[in-house]
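Pasted below: upload.txt, compact mmCIF, C-alpha atoms.
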# COMPACT_ATOMS: atom_id res chain seq x y z
CA MET Y 1 149.78 -43.67 50.88
CA THR Y 2 152.46 -43.26 53.60
CA GLU Y 3 155.12 -43.59 50.92
CA THR Y 4 153.54 -40.74 48.91
CA ILE Y 5 153.37 -38.48 51.98
CA THR Y 6 157.04 -39.20 52.83
CA LYS Y 7 158.02 -38.53 49.20
CA THR Y 8 156.15 -35.19 49.19
CA LYS Y 9 157.74 -34.22 52.54
CA ASN Y 10 161.21 -35.05 51.21
CA GLN Y 11 160.53 -33.10 48.01
CA THR Y 12 159.37 -30.06 50.01
CA LYS Y 13 162.52 -30.22 52.15
CA THR Y 14 164.73 -30.53 49.07
CA LYS Y 15 162.89 -27.65 47.46
CA LEU Y 16 163.36 -25.46 50.53
CA VAL Y 17 167.11 -26.21 50.68
CA ILE Y 18 167.58 -25.56 46.94
CA ASP Y 19 165.49 -22.38 46.99
CA VAL Y 20 167.42 -20.98 49.95
CA ALA Y 21 170.71 -21.91 48.21
CA ILE Y 22 169.64 -20.20 44.94
CA PHE Y 23 168.47 -17.15 46.87
CA ILE Y 24 171.75 -16.77 48.79
CA ALA Y 25 173.85 -17.54 45.68
CA PHE Y 26 171.98 -14.92 43.70
CA LEU Y 27 172.36 -12.30 46.43
CA ILE Y 28 176.13 -12.92 46.53
CA ALA Y 29 176.43 -13.05 42.73
CA MET Y 30 174.47 -9.80 42.39
CA ASP Y 31 177.35 -7.85 43.87
CA PRO Y 32 180.48 -8.76 41.85
CA ARG Y 33 182.35 -5.70 43.13
CA SER Y 34 182.55 -7.21 46.59
CA SER Y 35 182.61 -10.92 45.78
CA GLY Y 36 185.05 -10.70 42.86
CA ILE Y 37 184.53 -11.64 39.23
CA ALA Y 38 185.51 -15.31 39.55
CA VAL Y 39 183.10 -15.95 42.45
CA HIS Y 40 180.39 -14.00 40.60
CA GLU Y 41 180.70 -16.02 37.41
CA TRP Y 42 181.21 -19.51 38.83
CA LEU Y 43 178.45 -19.05 41.39
CA ALA Y 44 176.02 -17.88 38.70
CA THR Y 45 176.98 -20.84 36.49
CA ALA Y 46 176.37 -23.23 39.40
CA ALA Y 47 173.05 -21.48 40.11
CA LEU Y 48 171.96 -22.39 36.57
CA GLY Y 49 172.15 -26.06 37.58
CA ALA Y 50 170.19 -25.32 40.76
CA ILE Y 51 167.53 -23.52 38.69
CA VAL Y 52 167.15 -26.65 36.52
CA VAL Y 53 166.60 -28.71 39.72
CA HIS Y 54 164.11 -26.09 40.97
CA LEU Y 55 162.18 -26.41 37.69
CA LEU Y 56 162.27 -30.21 37.92
CA LEU Y 57 160.80 -30.10 41.43
CA SER Y 58 158.02 -27.77 40.21
CA TRP Y 59 157.44 -29.80 37.04
CA ASP Y 60 153.96 -31.07 37.96
CA TRP Y 61 152.77 -27.55 38.80
CA ILE Y 62 154.18 -26.21 35.50
CA ILE Y 63 152.41 -28.90 33.45
CA GLN Y 64 149.10 -28.60 35.32
CA THR Y 65 149.04 -24.80 35.13
CA SER Y 66 150.06 -24.79 31.46
CA ARG Y 67 147.04 -27.00 30.70
CA ARG Y 68 144.64 -24.85 32.73
CA ILE Y 69 145.96 -21.40 31.78
CA ILE Y 70 143.41 -20.80 29.01
CA GLY Y 71 140.42 -22.05 30.99
CA LYS Y 72 139.09 -21.11 34.41
CA MET Y 73 141.86 -20.30 36.81
CA ASN Y 74 142.63 -18.45 40.02
CA ASN Y 75 144.03 -14.95 39.28
CA GLN Y 76 146.99 -15.38 41.62
CA ALA Y 77 147.99 -18.64 39.93
CA ARG Y 78 147.75 -16.94 36.54
CA ILE Y 79 149.92 -14.01 37.66
CA ASN Y 80 152.35 -16.50 39.19
CA TYR Y 81 152.54 -18.45 35.94
CA VAL Y 82 153.22 -15.34 33.83
CA LEU Y 83 155.78 -14.12 36.38
CA ASN Y 84 157.58 -17.47 36.29
CA TRP Y 85 157.85 -17.30 32.51
CA ALA Y 86 159.16 -13.74 32.80
CA MET Y 87 161.77 -15.00 35.26
CA PHE Y 88 162.73 -17.81 32.90
CA PHE Y 89 163.19 -15.37 29.99
CA ASP Y 90 165.07 -12.94 32.18
CA VAL Y 91 167.41 -15.53 33.69
CA THR Y 92 168.18 -16.87 30.20
CA ILE Y 93 169.13 -13.39 28.96
CA LEU Y 94 171.07 -12.77 32.20
CA MET Y 95 173.07 -15.99 31.82
CA LEU Y 96 173.69 -15.56 28.09
CA SER Y 97 174.86 -11.97 28.42
CA GLY Y 98 176.99 -13.05 31.38
CA PHE Y 99 178.62 -15.80 29.34
CA VAL Y 100 179.32 -13.44 26.45
CA ILE Y 101 181.04 -10.80 28.64
CA SER Y 102 182.62 -13.48 30.84
CA LYS Y 103 186.15 -12.84 32.11
CA ALA Y 104 186.62 -16.03 34.16
CA VAL Y 105 184.35 -18.92 33.11
CA MET Y 106 184.58 -18.71 29.32
CA PRO Y 107 188.36 -18.05 29.19
CA ALA Y 108 188.83 -20.97 31.62
CA LEU Y 109 186.89 -23.19 29.23
CA GLY Y 110 188.89 -21.83 26.30
CA ILE Y 111 185.86 -20.26 24.61
CA ALA Y 112 186.10 -16.80 23.06
CA LEU Y 113 182.82 -15.13 22.14
CA PRO Y 114 182.59 -12.00 19.98
CA GLN Y 115 181.92 -8.89 22.09
CA ASN Y 116 179.21 -6.39 21.36
CA PHE Y 117 178.06 -3.01 22.69
CA ALA Y 118 174.71 -4.35 23.80
CA TRP Y 119 175.71 -7.23 26.10
CA ARG Y 120 176.92 -5.18 29.09
CA PRO Y 121 173.76 -3.00 29.43
CA LEU Y 122 171.62 -6.05 28.70
CA HIS Y 123 173.36 -7.95 31.53
CA ASP Y 124 172.91 -5.07 33.98
CA LEU Y 125 169.28 -4.53 32.99
CA SER Y 126 168.35 -8.21 33.23
CA ALA Y 127 170.14 -8.50 36.60
CA ASN Y 128 168.21 -5.54 38.03
CA LEU Y 129 164.97 -6.87 36.59
CA PHE Y 130 165.69 -10.29 38.09
CA LEU Y 131 166.05 -8.72 41.54
CA VAL Y 132 162.57 -7.19 41.19
CA LEU Y 133 161.11 -10.44 39.81
CA LEU Y 134 162.74 -12.38 42.66
CA GLY Y 135 161.02 -10.07 45.15
CA LEU Y 136 157.65 -10.60 43.43
CA HIS Y 137 158.23 -14.37 43.22
CA THR Y 138 159.05 -14.49 46.95
CA ALA Y 139 155.95 -12.40 47.73
CA LEU Y 140 153.66 -14.71 45.76
CA HIS Y 141 155.10 -17.76 47.55
CA TRP Y 142 155.34 -16.10 50.96
CA SER Y 143 152.77 -18.34 52.67
CA TRP Y 144 154.63 -21.44 51.38
CA VAL Y 145 157.94 -19.98 52.61
CA VAL Y 146 156.50 -19.25 56.07
CA ASP Y 147 154.74 -22.63 56.41
CA THR Y 148 157.74 -24.64 55.21
CA CYS Y 149 160.21 -22.73 57.38
CA LYS Y 150 157.92 -23.24 60.40
CA ARG Y 151 157.56 -26.95 59.71
CA TYR Y 152 161.14 -27.84 58.80
CA ILE Y 153 163.27 -25.22 60.57
CA PHE Y 154 161.56 -23.51 63.52
CA GLN Y 155 159.43 -26.35 64.88
CA PRO Y 156 162.32 -28.87 64.96
CA ILE Y 157 164.49 -26.29 66.77
CA VAL Y 158 161.74 -25.56 69.31
CA ARG Y 159 161.14 -29.31 69.74
CA LEU Y 160 164.85 -29.85 70.29
CA PHE Y 161 164.96 -27.25 73.07
CA THR Y 162 161.74 -28.39 74.76
CA ALA Y 163 162.95 -32.00 74.70
CA LYS Y 164 166.27 -30.89 76.19
CA SER Y 165 164.59 -28.87 78.95
CA ARG Y 166 162.32 -31.82 79.78
CA LYS Y 167 165.38 -34.04 80.13
CA ASP Y 168 167.05 -31.47 82.42
CA ILE Y 169 164.15 -31.47 84.92
CA PRO Y 170 164.98 -33.99 87.63
CA ALA Y 171 162.36 -36.67 88.24
CA MET Z 172 164.54 -41.67 32.26
CA LYS Z 173 161.58 -39.37 32.95
CA THR Z 174 163.82 -36.91 34.80
CA PHE Z 175 166.37 -37.04 32.00
CA GLY Z 176 163.65 -36.16 29.49
CA ARG Z 177 162.51 -33.23 31.63
CA VAL Z 178 166.08 -31.95 31.98
CA LEU Z 179 166.43 -32.20 28.21
CA VAL Z 180 163.22 -30.16 27.71
CA ILE Z 181 164.48 -27.43 30.10
CA VAL Z 182 167.94 -27.35 28.48
CA ILE Z 183 166.40 -27.19 24.97
CA ALA Z 184 164.11 -24.34 26.08
CA PHE Z 185 167.15 -22.50 27.50
CA ALA Z 186 169.15 -23.15 24.32
CA ILE Z 187 166.39 -21.96 21.96
CA LEU Z 188 165.85 -18.78 23.95
CA MET Z 189 169.59 -18.14 24.18
CA GLY Z 190 169.99 -18.73 20.44
CA VAL Z 191 167.19 -16.32 19.57
CA THR Z 192 168.53 -13.65 21.96
CA TYR Z 193 172.08 -14.10 20.70
CA SER Z 194 171.10 -13.75 17.05
CA VAL Z 195 168.86 -10.74 17.74
CA VAL Z 196 171.54 -8.90 19.76
CA SER Z 197 174.31 -9.83 17.29
CA ALA Z 198 172.23 -8.63 14.35
CA SER Z 199 171.30 -5.35 16.00
CA GLY Z 200 174.68 -4.55 17.57
CA SER Z 201 178.04 -3.65 16.16
CA SER Z 202 181.25 -5.65 15.95
CA ASN Z 203 183.86 -6.13 18.69
CA THR Z 204 186.26 -3.69 17.10
CA ALA Z 205 184.00 -0.71 17.76
CA PRO Z 206 185.27 1.83 20.30
CA VAL Z 207 183.60 2.32 23.66
CA PHE Z 208 182.90 5.84 24.92
CA GLN Z 209 184.57 6.65 28.21
CA ARG Z 210 182.84 9.12 30.48
CA ASP Z 211 185.65 9.77 32.93
CA GLY Z 212 187.39 12.16 30.58
CA ARG Z 213 190.74 10.40 30.53
CA ASP Z 214 190.45 9.07 27.00
CA GLY Z 215 187.86 10.16 24.54
CA PHE Z 216 187.57 6.69 23.17
CA ALA Z 217 189.12 3.40 24.14
CA PRO Z 218 188.99 -0.06 22.63
CA ASN Z 219 186.74 -2.65 24.22
CA ASP Z 220 189.58 -4.06 26.29
CA GLY Z 221 189.57 -0.87 28.28
CA GLN Z 222 185.85 -0.97 28.92
CA ARG Z 223 185.01 0.06 32.44
CA GLU Z 224 183.35 -2.48 34.66
CA PHE Z 225 180.38 -1.80 36.92
CA GLY Z 226 180.27 1.94 36.85
CA GLY Z 227 183.98 2.56 36.87
CA ARG Z 228 185.08 0.20 39.64
CA GLU Z 229 187.13 -2.87 38.89
CA ARG Z 230 185.28 -6.09 39.33
CA GLU Z 231 188.36 -8.15 40.17
CA GLY Z 232 189.67 -8.25 43.69
CA GLY Z 233 186.65 -7.39 45.76
CA ALA Z 234 186.20 -5.23 48.81
CA GLY Z 235 186.65 -8.01 51.34
CA GLY Z 236 184.27 -9.45 53.91
CA PHE Z 237 182.58 -6.21 54.92
CA GLY Z 238 181.93 -5.17 51.34
CA MET Z 239 180.50 -8.58 50.56
CA LEU Z 240 178.23 -8.36 53.60
CA PHE Z 241 177.10 -4.88 52.58
CA GLY Z 242 176.30 -6.04 49.03
CA LEU Z 243 174.41 -9.04 50.37
CA LEU Z 244 172.48 -6.85 52.82
CA LYS Z 245 171.61 -4.28 50.15
CA ASN Z 246 170.15 -6.87 47.80
CA THR Z 247 168.33 -8.63 50.65
CA ILE Z 248 166.73 -5.33 51.66
CA ILE Z 249 165.59 -4.66 48.08
CA VAL Z 250 163.98 -8.11 47.83
CA ALA Z 251 162.50 -7.75 51.34
CA VAL Z 252 160.97 -4.34 50.53
CA ILE Z 253 159.37 -5.65 47.30
CA THR Z 254 158.07 -8.71 49.15
CA ALA Z 255 156.70 -6.58 52.00
CA LEU Z 256 155.00 -4.22 49.53
CA ILE Z 257 153.02 -7.16 48.19
CA VAL Z 258 152.55 -9.36 51.26
CA LEU Z 259 151.54 -6.75 53.86
CA PRO Z 260 148.64 -5.16 51.91
CA LYS Z 261 147.53 -8.62 50.76
CA ASN Z 262 147.42 -9.92 54.34
CA PHE Z 263 145.69 -6.73 55.50
CA PHE Z 264 142.90 -7.08 52.93
CA GLN Z 265 142.54 -10.80 53.63
CA GLN Z 266 142.13 -10.12 57.36
CA LYS Z 267 139.65 -7.34 56.63
CA ARG Z 268 137.64 -9.65 54.40
CA ARG Z 269 137.59 -12.30 57.13
CA ALA Z 270 136.52 -9.76 59.74
CA VAL Z 271 133.46 -8.58 57.77
CA PRO Z 272 130.44 -10.53 59.06
CA VAL Z 273 128.55 -12.34 56.33
CA LYS Z 274 124.77 -11.98 56.34
CA ILE Z 275 122.97 -15.22 55.77
CA ASN Z 276 119.33 -14.93 54.83
Rewritten as structure tokens:
Amino acid sequence: MTETITKTKNQTKTKLVIDVAIFIAFLIAMDPRSSGIAVHEWLATAALGAIVVHLLLSWDWIIQTSRRIIGKMNNQARINYVLNWAMFFDVTILMLSGFVISKAVMPALGIALPQNFAWRPLHDLSANLFLVLLGLHTALHWSWVVDTCKRYIFQPIVRLFTAKSRKDIPA
Amino acid sequence: MKTFGRVLVIVIAFAILMGVTYSVVSASGSSNTAPVFQRDGRDGFAPNDGQREFGGREREGGAGGFGMLFGLLKNTIIVAVITALIVLPKNFFQQKRRAVPVKIN
């Protein structure tokens, strides 16, 4: 029982760290004019790995919701499920179009892909759509974000300061 | 082993979707030798190598620390506004629902 609770706590912490990392990486990668093309492309490629880990950590939820989606289900969970699939489709198109028009990652790997008119607008469109979907995704998980940040970031900081101030008071 | 299987499922799903998208876009688009229209008026047409990046500004190089901060801030604000547009009304209606006294017969 205690082992399960510790495992869940560790998973939540890992999830928080990975989600924050993906969020920051995406925000930096979304502005290649300021970060530079190499940073943009390598960061996005690394974020793909982080997205796989994010999906692995949410695996149980994905399986459970996929089984229940046809039957009786909370509306918010259903919207969340559809939104997550939309994000998956969008991020796949975003990554693929990014790889095709790549100027740093693909040449570094020695891969040359045939160019096409459609990839650039597709990349821009999917990137803009992903920003909107990311906002919606964050909104739907806002209570989780607030609770987890309180539990693993703010409360430990407050505890640290209160413990310090208690130590400072002379007996 | 279980994790490896799950990773494989995710990677296969990514690969299938990428394959379908790639074939659809390749089938509907034109070849790489087609010219790209330039709107700045310098050249009527230019080959793909001269294609402008991100609305006319070069992607390589970057605008330095301040530019990076500005880009980061801009995207954060967009996400924050979308999140606020959903979360604030939702919280408002939830509080309103809680505040309404329930009549029990």
Might you pull out every residue within 10 Å of range 256-262 of chain Z, with all atoms listed in the file counted and same-chain residues fewer than 6 positions away left off, and present them as a ChimeraX atom specification?
/Y:135-136,138-143 /Z:250,268
Output of the above residues as a CSV table (one decimal), in the coordinates of the input, restricted to C-alpha atoms:
chain,number,residue,atom,x,y,z
Y,135,GLY,CA,161.0,-10.1,45.2
Y,136,LEU,CA,157.6,-10.6,43.4
Y,138,THR,CA,159.0,-14.5,47.0
Y,139,ALA,CA,156.0,-12.4,47.7
Y,140,LEU,CA,153.7,-14.7,45.8
Y,141,HIS,CA,155.1,-17.8,47.6
Y,142,TRP,CA,155.3,-16.1,51.0
Y,143,SER,CA,152.8,-18.3,52.7
Z,250,VAL,CA,164.0,-8.1,47.8
Z,268,ARG,CA,137.6,-9.6,54.4
Near range 75-89 of chain Y, counting only C-alpha atoms, which residues have an atom at most 9 Å away, once you skip same-chain residues fewer than 5 positions from it, shown as a CSV table (one decimal) with C-alpha atoms, in the coordinates of the input?
chain,number,residue,atom,x,y,z
Y,62,ILE,CA,154.2,-26.2,35.5
Y,65,THR,CA,149.0,-24.8,35.1
Y,66,SER,CA,150.1,-24.8,31.5
Y,69,ILE,CA,146.0,-21.4,31.8
Y,94,LEU,CA,171.1,-12.8,32.2
Y,129,LEU,CA,165.0,-6.9,36.6
Y,130,PHE,CA,165.7,-10.3,38.1
Y,133,LEU,CA,161.1,-10.4,39.8
Y,134,LEU,CA,162.7,-12.4,42.7
Y,136,LEU,CA,157.6,-10.6,43.4
Y,137,HIS,CA,158.2,-14.4,43.2
Y,140,LEU,CA,153.7,-14.7,45.8
Y,141,HIS,CA,155.1,-17.8,47.6
Z,185,PHE,CA,167.2,-22.5,27.5
Z,188,LEU,CA,165.8,-18.8,24.0
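When CA of Leu57 in chain Y is paired with CA of Phe175 in chain Z, their separation reads 13.0 Å.
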Separation of CA of His40 in chain Y from CA of Ile28 in chain Y in Å
7.4 Å
As an exercise, work out the distance from CA of Ile70 in chain Y to CA of Ala184 in chain Z in Å and give it to one decimal place.
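Distance between the two atoms: 21.2 Å.
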Is there a way to get, as a ChimeraX atom specification, all residues within 10 Å of the point (171.2, -8.2, 49.9) in file coordinates, counting only C-alpha atoms?
/Y:23-24,26-28,30-31,131 /Z:239-251
Please determine the residues with any atom at most 12 Å from (186.4, -18.6, 39.9) (coordinates as given in the file, with only C-alpha atoms counting) and report them as a list in words.
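Residues with an atom at most 12 Å from (186.4, -18.6, 39.9): Ala29, Pro32, Ser35, Gly36, Ile37, Ala38, Val39, His40, Glu41, Trp42, Leu43, Ala44, Thr45, Ala46, Ser102, Lys103, Ala104, Val105, Met106, Pro107, Ala108 and Leu109 of chain Y; Glu231 and Gly232 of chain Z.
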Could you rebuild range 51-62 of chain Y with N, CA and C atoms and give me the result as a short mmCIF file (atom, residue, chain, number, x, y, z; two decimals), keeping the file's coordinate frame?
data_model
loop_
_atom_site.label_atom_id
_atom_site.label_comp_id
_atom_site.auth_asym_id
_atom_site.auth_seq_id
_atom_site.Cartn_x
_atom_site.Cartn_y
_atom_site.Cartn_z
N ILE Y 51 168.80 -23.97 39.28
CA ILE Y 51 167.53 -23.52 38.69
C ILE Y 51 166.87 -24.68 37.93
N VAL Y 52 167.69 -25.48 37.24
CA VAL Y 52 167.15 -26.65 36.52
C VAL Y 52 166.50 -27.61 37.53
N VAL Y 53 167.16 -27.84 38.68
CA VAL Y 53 166.60 -28.71 39.72
C VAL Y 53 165.30 -28.11 40.27
N HIS Y 54 165.30 -26.80 40.48
CA HIS Y 54 164.11 -26.09 40.97
C HIS Y 54 162.94 -26.29 40.00
N LEU Y 55 163.22 -26.20 38.71
CA LEU Y 55 162.18 -26.41 37.69
C LEU Y 55 161.70 -27.86 37.68
N LEU Y 56 162.64 -28.78 37.88
CA LEU Y 56 162.27 -30.21 37.92
C LEU Y 56 161.35 -30.50 39.10
N LEU Y 57 161.63 -29.88 40.24
CA LEU Y 57 160.80 -30.10 41.43
C LEU Y 57 159.42 -29.46 41.28
N SER Y 58 159.32 -28.43 40.43
CA SER Y 58 158.02 -27.77 40.21
C SER Y 58 157.36 -28.26 38.92
N TRP Y 59 157.88 -29.33 38.36
CA TRP Y 59 157.44 -29.80 37.04
C TRP Y 59 155.92 -30.05 36.97
N ASP Y 60 155.40 -30.74 37.97
CA ASP Y 60 153.96 -31.07 37.96
C ASP Y 60 153.10 -29.80 37.94
N TRP Y 61 153.50 -28.83 38.75
CA TRP Y 61 152.77 -27.55 38.80
C TRP Y 61 152.83 -26.87 37.43
N ILE Y 62 154.01 -26.87 36.81
CA ILE Y 62 154.18 -26.21 35.50
C ILE Y 62 153.25 -26.85 34.46
#
